[in-house]
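Enquirer: This structure is in structure tokens; I'll ask about it shortly.
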Amino acid sequence: MPDSTDALETFRGEARAWLEENFPKSIAHRGSELIGMEHVAEDADLDLWCQRLGAKGWATPTWPSEYGGGGLSQLEAEVLRKEMSALGAFNPLTVKAGMGITMVGPTILEYGTEEQKQRHIPPICRGEVFWALGYSEPNAGSDLASLQCKAEDKGDHWLVNGQKTWTSGANIAQWIGCLVRTDPDAPKRDGISFLILDMNQPGIETRPIELIAGASPFCETFFNDATTPKGELLGPLNGGWTVGKRLLQHERASQTGARGAGGAAAKKSIHALAKEYVGTDAEGRVADPELRTRITAHLMNAKAQNLTLSRMIAEARGNAKVSATASIMKNAASDVSQERAELAIEILGHSGLGWEGDPFEDHELEAVRHWLSGKAISIYGGSYEIQNNIIAKNILGLPESTQRG
Ligand SMILES: Cc1cc2nc3c(=O)[nH]c(=O)nc-3n(C[C@H](O)[C@H](O)[C@H](O)COP(=O)(O)OP(=O)(O)OC[C@H]3O[C@@H](n4cnc5c(N)ncnc54)[C@H](O)[C@@H]3O)c2cc1C
């Protein structure tokens, strides 16, 4: 039995030994400094770690080993995650692959032909390719089924014309997975297909959009007679709505781990931050009792969120499938992350008002930018309200919302 306690303990020993030998100590506990939502720092040891982790298949631990994944069960992957965390190790390839590891890869594994799996999965496992995702359009965000970007069948290839927006990392991506309209006459959800396109072609142009937090990790993406071979249709023709929804479940499942406020709060616990900036009382506790209560409530929410996630992983017992519960966890993760970011900014007081300049410490400026960029958590991958609609309909069985499409 691969997941018996003994087998898991044997695996734990193997994983620890491999990590001790292969994870460069120089980058231990530096994950949040070296890897951000939109950057991977240049560092020789980080590069080495990316190569070793990718070659071992442990950046994609539960993916089948025949395509370059680790072939581990969910429980083994959880053991690996804990061992990595104990050593201060982290998985940089989830950022280096763009949407490859978290969303597109699992969807190709589920819906792809053997040829598509052989072509696309191994480079994702090794972190060699960056994937973007072309879902949203100027008039198709939450109402995604209204999308207009179209693909025409030209015999041996598809011809794609239209526009996408908010396409994260499109300007640096090698591949993009797109939802496109392949039957304009069908009811809107029935005329959509999922196409994979090579970004390196003259028919695709990207224009970065600057965000409120200063970075430009996403783009407007234009398709002007872009092409892709017929073999790059993922899943059935005009069956893209189902494929696309499945991918979104993977996206939401990947967003269920609450991100901290980053910066100050990521490097110091929220308690330590409060003691430093707000001060302590005679008993050494955070001086402000109201703030103390709020911090405690936040830590309980974070703990509950984490334990629920661990329970869900344990219950999955080797079954990597995701479901509508990902929507619950995505919203819970958004709450916890934004709550933490708000607390961090409040605790910093005037020091949490900086944008740039000498009077501010680096971690204070970082906290402000993380607070701003954290606003996006409850928007991307389907907004908070849309997740609540999904929970109401698919989990609670309540009647259809007013959303059309
Ligand atoms: C950081 C970031 C990265 C992103 N990356 C990508 C990407 O890589 N690829 C991609 O394709 N897209 C990406 N997106 C786009 C994202 O998926 C959309 O922003 C999201 O789906 C919301 O769509 P919208 O912006 O058009 O908002 P709208 O649909 O206009 O919604 C505006 C508000 O109205 C609410 N609302 C809308 N309809 C309903 C309803 N029926 N019931 C209740 N409330 C409703 C929404 O919840 C929201 O609060 C990204 C977005 C962000 C912020």
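Starting from 1 in every chain, residues are counted up; chains themselves are A, B, ... following the order of the structure tokens, and ligands are numbered from 1 as listed.
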With only C-alpha atoms and all ligand atoms counted, collect every polymer residue having an atom within 7 Å of ligand 1; state the result as a PyMOL selection string.
Expert: chain A and resi 132-136+138-143+164-168+218+376-377+379-386+389+401-403
Enquirer: List the neighbours of segment 270-272 of chain A out to 8 Å using only C-alpha atoms; skip same-chain residues closer than 5 positions along the sequence, and give me the result as a PyMOL selection string.
Expert: chain A and resi 265+286+295+340+343-344
Enquirer: How about saving the chosen residues, all heavy atoms kept, as an mmCIF file, in the first residue's frame?
Expert:
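Result saved to result38.cif:
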```cif
data_model
loop_
_atom_site.group_PDB
_atom_site.id
_atom_site.type_symbol
_atom_site.label_atom_id
_atom_site.label_comp_id
_atom_site.auth_asym_id
_atom_site.auth_seq_id
_atom_site.Cartn_x
_atom_site.Cartn_y
_atom_site.Cartn_z
ATOM 1 N N ALA A 265 4.900 41.655 6.415
ATOM 2 C CA ALA A 265 4.183 40.568 7.054
ATOM 3 C C ALA A 265 4.747 39.215 6.670
ATOM 4 O O ALA A 265 4.639 38.254 7.411
ATOM 5 C CB ALA A 265 2.711 40.646 6.703
ATOM 6 N N VAL A 286 0.820 42.768 22.577
ATOM 7 C CA VAL A 286 0.566 43.913 21.706
ATOM 8 C C VAL A 286 -0.273 44.928 22.496
ATOM 9 O O VAL A 286 -1.300 44.561 23.096
ATOM 10 C CB VAL A 286 -0.202 43.469 20.429
ATOM 11 C CG1 VAL A 286 -0.607 44.667 19.593
ATOM 12 C CG2 VAL A 286 0.640 42.501 19.617
ATOM 13 N N ILE A 295 -6.010 40.498 15.484
ATOM 14 C CA ILE A 295 -4.914 39.625 15.039
ATOM 15 C C ILE A 295 -5.243 38.167 15.385
ATOM 16 O O ILE A 295 -5.064 37.260 14.576
ATOM 17 C CB ILE A 295 -3.570 40.042 15.697
ATOM 18 C CG1 ILE A 295 -3.115 41.393 15.136
ATOM 19 C CG2 ILE A 295 -2.498 38.996 15.458
ATOM 20 C CD1 ILE A 295 -1.842 41.939 15.765
ATOM 21 N N ARG A 340 -4.972 39.800 6.095
ATOM 22 C CA ARG A 340 -3.591 39.929 6.577
ATOM 23 C C ARG A 340 -2.918 41.191 6.018
ATOM 24 O O ARG A 340 -2.237 41.922 6.734
ATOM 25 C CB ARG A 340 -2.817 38.683 6.143
ATOM 26 C CG ARG A 340 -1.453 38.546 6.736
ATOM 27 C CD ARG A 340 -0.825 37.257 6.216
ATOM 28 N NE ARG A 340 0.591 37.262 6.458
ATOM 29 C CZ ARG A 340 1.183 36.615 7.456
ATOM 30 N NH1 ARG A 340 0.463 35.913 8.290
ATOM 31 N NH2 ARG A 340 2.484 36.674 7.606
ATOM 32 N N LEU A 343 -4.342 44.200 7.822
ATOM 33 C CA LEU A 343 -3.785 44.319 9.173
ATOM 34 C C LEU A 343 -2.365 44.862 9.120
ATOM 35 O O LEU A 343 -1.992 45.748 9.889
ATOM 36 C CB LEU A 343 -3.776 42.943 9.846
ATOM 37 C CG LEU A 343 -5.036 42.540 10.598
ATOM 38 C CD1 LEU A 343 -4.955 41.078 11.015
ATOM 39 C CD2 LEU A 343 -5.236 43.414 11.838
ATOM 40 N N ALA A 344 -1.569 44.321 8.185
ATOM 41 C CA ALA A 344 -0.168 44.754 8.087
ATOM 42 C C ALA A 344 -0.096 46.254 7.805
ATOM 43 O O ALA A 344 0.666 46.979 8.435
ATOM 44 C CB ALA A 344 0.556 43.962 6.997
#
```
Enquirer: Can you list every residue in segment 1-160 of chain A that DSSP puts in alpha helix (DSSP H), as an NGL selection string?
Expert: :A and (5-22 or 31-34 or 44-56 or 74-87 or 93-96 or 105-111 or 114-125)
Enquirer: List the neighbours of segment 323-334 of chain A out to 8 Å using only C-alpha atoms; skip same-chain residues closer than 3 positions along the sequence, and give me the result as a list in words.
Expert: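 Using only C-alpha atoms, the neighbours found are Gln249, His250, Arg252, Ala253, Gln255, Thr256, Gly257, Ala258, Arg259, Gln305, Leu309, Ser337, Gln338, Ile377, Ser378, Tyr384, Gln387, Asn388, Ile390, Ile391, Asn394 and Ile395 of chain A.
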Enquirer: Please tabulate, as a Markdown table, the residues of segment 75-144 of chain A that come within 10 Å of segment 53-70 of chain A, each with its closest pair of atoms and the distance in Å to one decimal, counting only C-alpha atoms and ordering rows by chain, then residue number upward.
Expert:
```
| residue | atom | partner | partner_atom | distance |
| --- | --- | --- | --- | --- |
| A:Leu75 | CA | A:Thr62 | CA | 9.5 |
| A:Glu76 | CA | A:Pro61 | CA | 8.5 |
| A:Ala77 | CA | A:Pro61 | CA | 5.9 |
| A:Glu78 | CA | A:Pro61 | CA | 9.4 |
| A:Leu80 | CA | A:Pro61 | CA | 8.5 |
| A:Arg81 | CA | A:Pro61 | CA | 9.5 |
| A:Phe90 | CA | A:Ala59 | CA | 9.2 |
| A:Asn91 | CA | A:Ala59 | CA | 6.1 |
| A:Pro92 | CA | A:Ala59 | CA | 8.0 |
| A:Leu93 | CA | A:Ala59 | CA | 6.2 |
| A:Thr94 | CA | A:Ala59 | CA | 7.3 |
| A:Ile101 | CA | A:Thr60 | CA | 6.9 |
| A:Thr102 | CA | A:Thr60 | CA | 9.1 |
| A:Gly105 | CA | A:Trp63 | CA | 9.1 |
| A:Pro106 | CA | A:Trp63 | CA | 8.1 |
| A:Leu109 | CA | A:Trp63 | CA | 8.4 |
| A:Lys117 | CA | A:Tyr67 | CA | 7.2 |
| A:Gln118 | CA | A:Tyr67 | CA | 6.5 |
| A:Arg119 | CA | A:Tyr67 | CA | 9.2 |
| A:His120 | CA | A:Tyr67 | CA | 9.0 |
| A:Ile121 | CA | A:Tyr67 | CA | 6.0 |
| A:Pro122 | CA | A:Gly68 | CA | 5.0 |
| A:Pro123 | CA | A:Gly68 | CA | 8.3 |
| A:Ile124 | CA | A:Gly68 | CA | 8.7 |
| A:Cys125 | CA | A:Gly54 | CA | 5.7 |
| A:Arg126 | CA | A:Gly54 | CA | 4.0 |
| A:Gly127 | CA | A:Gly54 | CA | 6.4 |
| A:Glu128 | CA | A:Gly54 | CA | 8.9 |
```
Enquirer: Output N, CA, C and O atoms for every residue in that selection, as a CSV table (one decimal), in the first residue's frame.
Expert:
```csv
chain,number,residue,atom,x,y,z
A,75,LEU,N,-0.7,12.1,-0.9
A,75,LEU,CA,-0.2,12.1,0.5
A,75,LEU,C,1.4,12.2,0.4
A,75,LEU,O,2.0,12.8,1.3
A,76,GLU,N,2.0,11.5,-0.6
A,76,GLU,CA,3.4,11.6,-0.7
A,76,GLU,C,3.8,13.1,-1.0
A,76,GLU,O,4.8,13.6,-0.5
A,77,ALA,N,3.0,13.7,-1.9
A,77,ALA,CA,3.3,15.1,-2.3
A,77,ALA,C,3.1,16.0,-1.1
A,77,ALA,O,3.9,16.9,-0.9
A,78,GLU,N,2.2,15.7,-0.2
A,78,GLU,CA,2.0,16.5,1.1
A,78,GLU,C,3.3,16.3,2.0
A,78,GLU,O,3.8,17.2,2.6
A,80,LEU,N,6.3,15.5,0.9
A,80,LEU,CA,7.3,16.3,0.2
A,80,LEU,C,7.2,17.8,0.6
A,80,LEU,O,8.2,18.4,0.9
A,81,ARG,N,6.0,18.3,0.5
A,81,ARG,CA,5.8,19.7,0.7
A,81,ARG,C,6.3,20.1,2.2
A,81,ARG,O,6.9,21.1,2.4
A,90,PHE,N,11.5,25.6,-1.6
A,90,PHE,CA,10.3,26.1,-2.2
A,90,PHE,C,10.3,25.7,-3.7
A,90,PHE,O,11.3,25.2,-4.2
A,91,ASN,N,9.1,25.8,-4.4
A,91,ASN,CA,9.0,25.4,-5.7
A,91,ASN,C,8.9,26.6,-6.7
A,91,ASN,O,7.9,27.2,-6.9
A,92,PRO,N,10.1,27.0,-7.3
A,92,PRO,CA,10.0,28.2,-8.1
A,92,PRO,C,9.4,27.9,-9.5
A,92,PRO,O,9.0,28.9,-10.2
A,93,LEU,N,9.2,26.6,-9.9
A,93,LEU,CA,8.7,26.4,-11.2
A,93,LEU,C,7.3,26.7,-11.4
A,93,LEU,O,6.8,27.0,-12.5
A,94,THR,N,6.5,26.8,-10.3
A,94,THR,CA,5.1,27.2,-10.5
A,94,THR,C,5.0,28.6,-11.0
A,94,THR,O,4.1,29.0,-11.7
A,101,ILE,N,2.0,25.0,-14.9
A,101,ILE,CA,1.9,23.9,-13.8
A,101,ILE,C,0.5,24.0,-13.1
A,101,ILE,O,-0.1,23.0,-12.9
A,102,THR,N,0.1,25.2,-12.8
A,102,THR,CA,-1.1,25.3,-12.0
A,102,THR,C,-2.4,25.0,-12.8
A,102,THR,O,-3.4,24.6,-12.2
A,105,GLY,N,-1.3,22.6,-17.6
A,105,GLY,CA,-0.8,21.2,-17.6
A,105,GLY,C,-1.8,20.2,-17.1
A,105,GLY,O,-2.1,19.2,-17.8
A,106,PRO,N,-2.5,20.4,-15.9
A,106,PRO,CA,-3.5,19.5,-15.5
A,106,PRO,C,-4.6,19.3,-16.5
A,106,PRO,O,-5.2,18.2,-16.6
A,109,LEU,N,-3.3,17.1,-19.3
A,109,LEU,CA,-3.3,15.7,-18.8
A,109,LEU,C,-4.6,15.1,-18.9
A,109,LEU,O,-4.8,13.9,-19.2
A,117,LYS,N,0.1,15.5,-25.0
A,117,LYS,CA,0.8,15.3,-23.6
A,117,LYS,C,2.3,15.2,-23.8
A,117,LYS,O,3.1,15.8,-23.1
A,118,GLN,N,2.7,14.4,-24.9
A,118,GLN,CA,4.2,14.2,-25.1
A,118,GLN,C,4.8,15.6,-25.5
A,118,GLN,O,5.9,15.8,-25.1
A,119,ARG,N,4.1,16.4,-26.2
A,119,ARG,CA,4.7,17.6,-26.7
A,119,ARG,C,4.8,18.7,-25.6
A,119,ARG,O,5.8,19.4,-25.4
A,120,HIS,N,3.7,18.8,-24.8
A,120,HIS,CA,3.6,19.9,-23.9
A,120,HIS,C,4.0,19.7,-22.4
A,120,HIS,O,4.4,20.6,-21.7
A,121,ILE,N,3.7,18.5,-22.0
A,121,ILE,CA,3.9,18.3,-20.5
A,121,ILE,C,5.4,18.2,-20.1
A,121,ILE,O,5.7,18.9,-19.1
A,122,PRO,N,6.3,17.5,-20.7
A,122,PRO,CA,7.6,17.4,-20.2
A,122,PRO,C,8.3,18.8,-20.1
A,122,PRO,O,8.9,19.1,-19.0
A,123,PRO,N,8.2,19.7,-21.1
A,123,PRO,CA,8.8,21.0,-20.9
A,123,PRO,C,8.2,21.8,-19.7
A,123,PRO,O,8.9,22.6,-19.1
A,124,ILE,N,6.9,21.6,-19.4
A,124,ILE,CA,6.3,22.3,-18.3
A,124,ILE,C,6.9,21.7,-17.0
A,124,ILE,O,7.3,22.5,-16.1
A,125,CYS,N,7.0,20.4,-16.9
A,125,CYS,CA,7.6,19.8,-15.7
A,125,CYS,C,9.0,20.3,-15.4
A,125,CYS,O,9.4,20.5,-14.3
A,126,ARG,N,9.7,20.6,-16.5
A,126,ARG,CA,11.1,21.0,-16.3
A,126,ARG,C,11.2,22.6,-16.1
A,126,ARG,O,12.3,23.1,-16.0
A,127,GLY,N,10.1,23.2,-16.2
A,127,GLY,CA,10.0,24.7,-16.1
A,127,GLY,C,10.7,25.4,-17.2
A,127,GLY,O,11.2,26.5,-17.1
A,128,GLU,N,10.7,24.8,-18.4
A,128,GLU,CA,11.4,25.4,-19.6
A,128,GLU,C,10.5,26.3,-20.4
A,128,GLU,O,11.0,27.0,-21.2
```
Enquirer: Using only C-alpha atoms, which protein or nucleic acid residues come within 7 Å of segment 196-213 of chain A? Drop anything in the same chain fewer than 5 positions from it, and give the result as a count of residues only.
Expert: 23
Enquirer: DSSP on the backbone, then: every residue of segment 11-217 of chain A marked strand (DSSP E), written as JSON, numbers by chain.
Expert: {"A": [131, 132, 133, 134, 150, 151, 152, 153, 157, 158, 159, 160, 161, 162, 163, 164, 165, 166, 167, 168, 175, 176, 177, 178, 179, 180, 181, 192, 193, 194, 195, 196, 197, 198, 204, 205, 206, 207, 208, 209]}
Enquirer: Find the spatial neighbours of Glu346 of chain A, counting only C-alpha atoms, within a cut-off of 12 Å - ignore same-chain residues fewer than 4 positions away - and output them as a list in words.
Expert: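 The filter keeps Ala261, Ala264, Ala265, Ile270, Leu273, Ala274, Tyr277, Val278, Leu291, Arg294, Ile295, Glu339, Arg340, Ala341, Glu342, His350, Ser351, Gly352, Leu353, Glu364, Ala367, Val368 and Trp371 of chain A.
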Enquirer: Fewer than 2 positions away in the same chain doesn't count, so skip those; otherwise give me all residues within 12 Å of segment 182-187 of chain A, counting only C-alpha atoms, as a ChimeraX atom specification.
Expert: /A:145-154,158-161,178-180,189-195,233,236-241,404-405
